[in-house]
$ cat structure_38.cif   # mmCIF, C-alpha atoms
data_protein
#
loop_
_atom_site.label_atom_id
_atom_site.label_comp_id
_atom_site.auth_asym_id
_atom_site.auth_seq_id
_atom_site.Cartn_x
_atom_site.Cartn_y
_atom_site.Cartn_z
CA MET F 1 7.27 -11.17 9.59
CA VAL F 2 5.33 -12.34 6.54
CA ALA F 3 4.17 -15.93 5.99
CA ILE F 4 2.62 -17.79 3.11
CA LYS F 5 0.91 -20.96 4.31
CA VAL F 6 -0.23 -23.77 2.07
CA GLY F 7 -3.04 -26.17 2.81
CA THR F 8 -6.17 -24.03 2.55
CA SER F 9 -7.92 -26.52 0.27
CA ALA F 10 -8.94 -30.08 1.03
CA ALA F 11 -6.76 -31.33 -1.84
CA ALA F 12 -3.68 -29.51 -0.53
CA GLN F 13 -4.26 -30.73 3.03
CA ALA F 14 -4.57 -34.33 1.83
CA MET F 15 -1.35 -34.03 -0.18
CA THR F 16 0.70 -32.43 2.61
CA MET F 17 -0.33 -35.14 5.09
CA SER F 18 1.92 -37.50 3.11
CA HIS F 19 4.86 -35.08 3.42
CA THR F 20 5.10 -32.56 6.27
CA ALA F 21 1.77 -32.56 8.05
CA SER F 22 2.87 -29.74 10.35
CA LEU F 23 2.80 -27.35 7.39
CA SER F 24 -0.88 -28.00 6.82
CA GLY F 25 -3.80 -28.49 9.17
CA ALA F 26 -6.70 -26.33 10.23
CA ASP F 27 -6.41 -23.09 8.33
CA ALA F 28 -8.54 -21.12 10.79
CA LEU F 29 -6.08 -22.02 13.57
CA ALA F 30 -3.17 -20.75 11.49
CA ASP F 31 -5.01 -17.49 10.81
CA ALA F 32 -5.73 -17.04 14.52
CA PHE F 33 -2.12 -17.76 15.45
CA PHE F 34 -0.73 -15.35 12.85
CA ALA F 35 -3.11 -12.62 14.00
CA ARG F 36 -2.16 -13.15 17.65
CA VAL F 37 1.59 -12.91 17.09
CA GLY F 38 1.47 -10.20 14.42
CA VAL F 39 2.47 -12.19 11.35
CA ALA F 40 1.15 -10.87 8.03
CA ARG F 41 -0.31 -13.72 5.99
CA ALA F 42 0.00 -13.66 2.21
CA ARG F 43 -2.33 -15.73 0.03
CA SER F 44 -0.13 -15.94 -3.09
CA LEU F 45 3.53 -15.66 -4.07
CA ASP F 46 2.88 -12.28 -5.72
CA GLU F 47 1.23 -10.99 -2.54
CA PHE F 48 4.11 -12.41 -0.48
CA VAL F 49 6.79 -10.62 -2.53
CA GLU F 50 4.86 -7.33 -2.70
CA THR F 51 4.28 -7.39 1.07
CA LEU F 52 7.99 -7.95 1.71
CA LYS F 53 8.82 -5.08 -0.65
CA LEU F 54 6.41 -2.74 1.13
CA LEU F 55 7.92 -3.63 4.52
CA HIS F 56 11.47 -3.33 3.17
CA VAL F 57 10.89 0.22 1.95
CA LEU F 58 8.47 1.61 4.55
CA GLY F 59 8.39 -0.76 7.51
CA PRO F 60 5.12 -1.71 9.20
CA SER F 61 2.21 0.71 9.09
CA PRO F 62 1.19 2.50 12.29
CA ASP F 63 -2.46 1.67 11.57
CA ALA F 64 -4.80 0.24 8.93
CA THR F 65 -5.80 3.56 7.34
CA LEU F 66 -5.34 3.81 3.59
CA GLY F 67 -5.62 6.82 1.31
CA SER F 68 -5.76 6.23 -2.44
CA MET F 69 -5.47 8.47 -5.49
CA SER F 70 -5.98 7.61 -9.14
CA CYS F 71 -7.24 9.32 -12.29
CA SER F 72 -9.77 6.55 -12.97
CA GLY F 73 -13.08 5.82 -11.33
CA GLY F 74 -12.61 2.14 -12.13
CA GLU F 75 -9.27 2.07 -10.32
CA ALA F 76 -10.74 3.95 -7.36
CA SER F 77 -13.60 1.44 -7.15
CA LEU F 78 -11.20 -1.51 -7.39
CA VAL F 79 -9.12 -0.07 -4.54
CA GLY F 80 -12.31 0.32 -2.51
CA ASP F 81 -13.29 -3.30 -3.09
CA LEU F 82 -9.83 -4.68 -2.30
CA ALA F 83 -9.38 -2.48 0.76
CA GLU F 84 -12.69 -3.63 2.26
CA ALA F 85 -11.93 -7.27 1.51
CA ASN F 86 -8.57 -6.97 3.27
CA GLY F 87 -9.64 -5.04 6.36
CA MET F 88 -8.14 -1.68 5.39
CA ASP F 89 -9.69 1.53 6.72
CA LEU F 90 -10.52 3.94 3.89
CA ARG F 91 -11.49 6.65 6.33
CA PRO F 92 -13.05 9.73 4.70
CA LEU F 93 -11.06 12.92 4.37
CA THR F 94 -11.73 15.37 7.19
CA ASP F 95 -13.46 18.62 6.27
CA SER F 96 -10.16 20.51 6.35
CA ASP F 97 -8.44 17.79 4.29
CA ALA F 98 -11.23 17.92 1.70
CA ILE F 99 -11.01 21.71 1.42
CA ARG F 100 -7.24 21.52 0.92
CA VAL F 101 -7.50 18.83 -1.78
CA LYS F 102 -10.49 20.53 -3.47
CA ALA F 103 -8.48 23.74 -3.91
CA THR F 104 -6.15 21.87 -6.30
CA LEU F 105 -8.82 20.35 -8.54
CA SER F 106 -11.70 21.15 -10.87
CA ASP F 107 -15.16 21.74 -9.41
CA MET F 108 -16.26 18.69 -11.42
CA VAL F 109 -14.17 16.36 -9.23
CA THR F 110 -15.83 14.70 -6.24
CA ILE F 111 -13.50 14.82 -3.25
CA SER F 112 -13.39 11.44 -1.54
CA ASN F 113 -11.18 8.58 -0.45
CA PRO F 114 -10.43 6.78 -2.71
CA LEU F 115 -9.90 9.92 -4.79
CA ASP F 116 -10.54 9.87 -8.54
CA TYR F 117 -8.87 13.13 -9.52
CA HIS F 118 -9.82 12.60 -13.20
CA THR F 119 -7.59 13.69 -16.09
CA PHE F 120 -8.25 17.43 -16.01
CA ILE F 121 -4.73 18.00 -14.64
CA TRP F 122 -3.09 15.05 -16.42
CA GLY F 123 0.23 16.03 -17.96
CA ASP F 124 0.59 19.15 -15.80
CA ALA F 125 3.28 18.10 -13.33
CA ALA F 126 2.92 21.18 -11.13
CA LYS F 127 -0.84 20.73 -10.72
CA MET F 128 -0.52 17.00 -10.09
CA GLN F 129 2.17 17.63 -7.48
CA ALA F 130 -0.13 20.13 -5.74
CA THR F 131 -2.94 17.57 -5.62
CA TYR F 132 -0.69 14.76 -4.44
CA SER F 133 0.83 16.98 -1.76
CA ALA F 134 -2.57 18.12 -0.53
CA PHE F 135 -3.80 14.54 -0.30
CA LEU F 136 -0.64 13.24 1.39
CA ALA F 137 -1.05 15.85 4.12
CA SER F 138 -4.17 13.95 5.26
CA GLY F 139 -1.94 11.63 7.31
CA TYR F 140 -3.05 8.13 6.37
CA GLY F 141 -1.07 5.14 7.64
CA LEU F 142 -0.32 4.54 3.95
CA SER F 143 -1.18 6.71 0.98
CA MET F 144 -0.97 5.36 -2.53
CA LEU F 145 -1.13 6.56 -6.12
CA VAL F 146 -2.32 4.10 -8.76
CA ILE F 147 -0.14 4.63 -11.84
CA ASP F 148 0.44 2.34 -14.82
CA ILE F 149 3.41 3.01 -17.10
CA PRO F 150 3.15 2.13 -20.82
CA ARG F 151 5.90 -0.17 -22.15
CA ALA F 152 8.70 1.98 -23.56
CA ASP F 153 9.48 -0.53 -26.34
CA ARG F 154 5.91 -0.52 -27.66
CA CYS F 155 4.25 2.72 -26.55
CA GLU F 156 4.80 6.43 -26.29
CA ASP F 157 4.69 8.04 -22.86
CA ASN F 158 1.12 9.12 -22.21
CA GLY F 159 2.05 11.54 -19.44
CA SER F 160 2.69 8.86 -16.84
CA TYR F 161 6.26 9.96 -16.23
CA ALA F 162 5.11 13.49 -15.44
CA ALA F 163 2.75 11.98 -12.88
CA VAL F 164 5.59 9.90 -11.43
CA GLU F 165 7.90 12.92 -11.14
CA ALA F 166 5.10 14.89 -9.46
CA ALA F 167 4.50 12.01 -7.06
CA LEU F 168 8.20 11.68 -6.22
CA ALA F 169 8.45 15.39 -5.44
CA ALA F 170 5.27 15.36 -3.35
CA GLY F 171 6.31 12.21 -1.51
CA LYS F 172 9.77 13.51 -0.65
CA ALA F 173 8.38 16.81 0.63
CA SER F 174 5.61 15.21 2.69
CA GLY F 175 7.61 12.65 4.64
CA GLN F 176 4.48 10.46 4.63
CA ARG F 177 4.35 6.71 3.99
CA PHE F 178 3.64 6.61 0.26
CA ALA F 179 3.44 3.91 -2.43
CA LEU F 180 3.13 4.04 -6.21
CA VAL F 181 0.98 1.08 -7.20
CA SER F 182 0.44 -0.39 -10.65
CA SER F 183 -2.59 -2.44 -11.64
CA LEU F 184 -0.31 -5.24 -12.89
CA PRO F 185 3.34 -5.86 -11.88
CA GLU F 186 4.51 -5.60 -15.50
CA ASN F 187 3.18 -2.02 -15.64
CA MET F 188 5.97 -0.83 -13.31
CA PRO F 189 9.34 -0.87 -15.15
CA GLU F 190 12.18 -2.24 -13.04
CA ALA F 191 14.44 0.75 -13.66
CA LEU F 192 11.69 3.03 -12.40
CA THR F 193 11.18 1.00 -9.23
CA ALA F 194 14.79 1.67 -8.24
CA LYS F 195 14.26 5.42 -8.64
CA ILE F 196 11.04 5.28 -6.62
CA MET F 197 12.75 3.36 -3.81
CA GLU F 198 15.62 5.86 -3.72
CA ALA F 199 13.00 8.52 -2.95
CA GLY F 200 11.80 6.49 0.05
CA ILE F 201 8.56 5.55 -1.70
CA ALA F 202 7.38 1.95 -2.14
CA PRO F 203 6.88 0.75 -5.72
#

$ encode --input "structure_38.cif" --output "structure tokens"
Amino acid sequence: MVAIKVGTSAAAQAMTMSHTASLSGADALADAFFARVGVARARSLDEFVETLKLLHVLGPSPDATLGSMSCSGGEASLVGDLAEANGMDLRPLTDSDAIRVKATLSDMVTISNPLDYHTFIWGDAAKMQATYSAFLASGYGLSMLVIDIPRADRCEDNGSYAAVEAALAAGKASGQRFALVSSLPENMPEALTAKIMEAGIAP
């Protein structure tokens, strides 16, 4: 179950008292109640919808471990910040996991979680699939690939679709819980989300 609860601010609590006071009240109590009964709390409508989508495609995670891949250090750092702020466990790759992933990448790439695999293999679907497969084998509760797709009506494909195809193949073969995540919702075309979901991967 996922809930979005209003009334975190003093202004909202004052307003709701004149309507349905039971929907507002002490926010810390609501947090404690949700945590006790296993309700996921969303803080915005976007977060609410995305959480429902994740649960619809993959169901609840067995644990709080998260593995992340992207070809940008900025994206990797953003994932690190957001994961820490939301209580996710970005556990390091084991030695054997790191060796397996390292074998698919340039010596210039630092092997870590989150993984910034750089753009040395960008556009090479076979090499990207090998990297994604090696990382997915690390067995996180959820693994994700950060991928932003240029608008087809304004941009040329920059290799993103090759990365998506590589991710779909790796995800299907791995059987792991896997999500393709865009930085902004509008960077994931709706037609593509249907294809991703058909592969058992969360968009």

$ closest_residue --input "structure_38.cif" --among "F:Val146, F:Ala103, F:Ala30, F:Val39" --to "Ala3 of chain F" --atoms "only C-alpha atoms"
F:Val39

$ atom_distance --input "structure_38.cif" --atom1 "atom CA of Ala173 of chain F" --atom2 "atom CA of Leu136 of chain F"
9.7 Å

$ resolve_selection --input "structure_38.cif" --expression "the PyMOL selection byres ((chain F and resi 131) around 9)" --output "PDB file with C-alpha atoms, keeping the file's coordinate frame"
ATOM      1  CA  ARG F 100      -7.240  21.520   0.920  1.00  0.00           C
ATOM      2  CA  VAL F 101      -7.500  18.830  -1.780  1.00  0.00           C
ATOM      3  CA  LYS F 102     -10.490  20.530  -3.470  1.00  0.00           C
ATOM      4  CA  ALA F 103      -8.480  23.740  -3.910  1.00  0.00           C
ATOM      5  CA  THR F 104      -6.150  21.870  -6.300  1.00  0.00           C
ATOM      6  CA  LEU F 105      -8.820  20.350  -8.540  1.00  0.00           C
ATOM      7  CA  TYR F 117      -8.870  13.130  -9.520  1.00  0.00           C
ATOM      8  CA  ALA F 126       2.920  21.180 -11.130  1.00  0.00           C
ATOM      9  CA  LYS F 127      -0.840  20.730 -10.720  1.00  0.00           C
ATOM     10  CA  MET F 128      -0.520  17.000 -10.090  1.00  0.00           C
ATOM     11  CA  GLN F 129       2.170  17.630  -7.480  1.00  0.00           C
ATOM     12  CA  ALA F 130      -0.130  20.130  -5.740  1.00  0.00           C
ATOM     13  CA  TYR F 132      -0.690  14.760  -4.440  1.00  0.00           C
ATOM     14  CA  SER F 133       0.830  16.980  -1.760  1.00  0.00           C
ATOM     15  CA  ALA F 134      -2.570  18.120  -0.530  1.00  0.00           C
ATOM     16  CA  PHE F 135      -3.800  14.540  -0.300  1.00  0.00           C
ATOM     17  CA  LEU F 136      -0.640  13.240   1.390  1.00  0.00           C
ATOM     18  CA  ALA F 170       5.270  15.360  -3.350  1.00  0.00           C
TER      19      ALA F 170
END

$ residues_around --input "structure_38.cif" --residues "Pro189 of chain F" --least-positions-apart "4" --cutoff "8 Å" --atoms "only C-alpha atoms" --output "ChimeraX atom specification"
/F:149,151,193

$ resolve_selection --input "structure_38.cif" --expression "the PyMOL selection byres ((chain F and resi 141) around 8)" --output "list in words"
Ser61, Pro62, Asp63, Ala64, Thr65, Leu66, Gly67, Gly139, Tyr140, Leu142, Ser143 and Arg177 of chain F

$ residues_around --input "structure_38.cif" --residues "Ala179 of chain F" --least-positions-apart "2" --cutoff "10 Å" --atoms "all atoms listed in the file" --output "PyMOL selection string"
chain F and resi 54+57-58+68+142-146+167-168+171+176-177+181-182+196-197+200-203

$ closest_residue --input "structure_38.cif" --among "F:Pro150, F:Asp107, F:Val2, F:Asp124" --to "Pro60 of chain F" --atoms "all atoms listed in the file"
F:Val2

$ atom_distance --input "structure_38.cif" --atom1 "atom CA of Pro114 of chain F" --atom2 "atom CA of Ser77 of chain F"
7.6 Å

$ residues_around --input "structure_38.cif" --residues "Asp31 of chain F" --least-positions-apart "2" --cutoff "12 Å" --atoms "all atoms listed in the file" --output "list in words"
Ala3, Ile4, Lys5, Val6, Gly7, Thr8, Ser24, Gly25, Ala26, Asp27, Ala28, Leu29, Phe33, Phe34, Ala35, Arg36, Val37, Gly38, Val39, Ala40, Arg41, Ala42 and Arg43 of chain F

$ atom_distance --input "structure_38.cif" --atom1 "atom CA of Thr51 of chain F" --atom2 "atom CA of Ser70 of chain F"
20.8 Å

$ closest_residue --input "structure_38.cif" --among "F:Ala199, F:Val49, F:Leu90, F:Ala98" --to "Thr110 of chain F" --atoms "all atoms listed in the file"
F:Ala98

$ closest_residue --input "structure_38.cif" --among "F:Asp81, F:Cys71, F:Ala162, F:Ser44" --to "Asp116 of chain F" --atoms "only C-alpha atoms"
F:Cys71

$ resolve_selection --input "structure_38.cif" --expression "the PyMOL selection byres ((chain F and resi 161) around 10)" --output "JSON, numbers by chain"
{"F": [123, 125, 147, 148, 149, 150, 157, 158, 159, 160, 162, 163, 164, 165, 166, 167, 192]}

$ write_last_selection --input "structure_38.cif" --atoms "C-alpha atoms" --output "PDB file, in the frame of the given file"
ATOM      1  CA  GLY F 123       0.230  16.030 -17.960  1.00  0.00           C
ATOM      2  CA  ALA F 125       3.280  18.100 -13.330  1.00  0.00           C
ATOM      3  CA  ILE F 147      -0.140   4.630 -11.840  1.00  0.00           C
ATOM      4  CA  ASP F 148       0.440   2.340 -14.820  1.00  0.00           C
ATOM      5  CA  ILE F 149       3.410   3.010 -17.100  1.00  0.00           C
ATOM      6  CA  PRO F 150       3.150   2.130 -20.820  1.00  0.00           C
ATOM      7  CA  ASP F 157       4.690   8.040 -22.860  1.00  0.00           C
ATOM      8  CA  ASN F 158       1.120   9.120 -22.210  1.00  0.00           C
ATOM      9  CA  GLY F 159       2.050  11.540 -19.440  1.00  0.00           C
ATOM     10  CA  SER F 160       2.690   8.860 -16.840  1.00  0.00           C
ATOM     11  CA  ALA F 162       5.110  13.490 -15.440  1.00  0.00           C
ATOM     12  CA  ALA F 163       2.750  11.980 -12.880  1.00  0.00           C
ATOM     13  CA  VAL F 164       5.590   9.900 -11.430  1.00  0.00           C
ATOM     14  CA  GLU F 165       7.900  12.920 -11.140  1.00  0.00           C
ATOM     15  CA  ALA F 166       5.100  14.890  -9.460  1.00  0.00           C
ATOM     16  CA  ALA F 167       4.500  12.010  -7.060  1.00  0.00           C
ATOM     17  CA  LEU F 192      11.690   3.030 -12.400  1.00  0.00           C
TER      18      LEU F 192
END
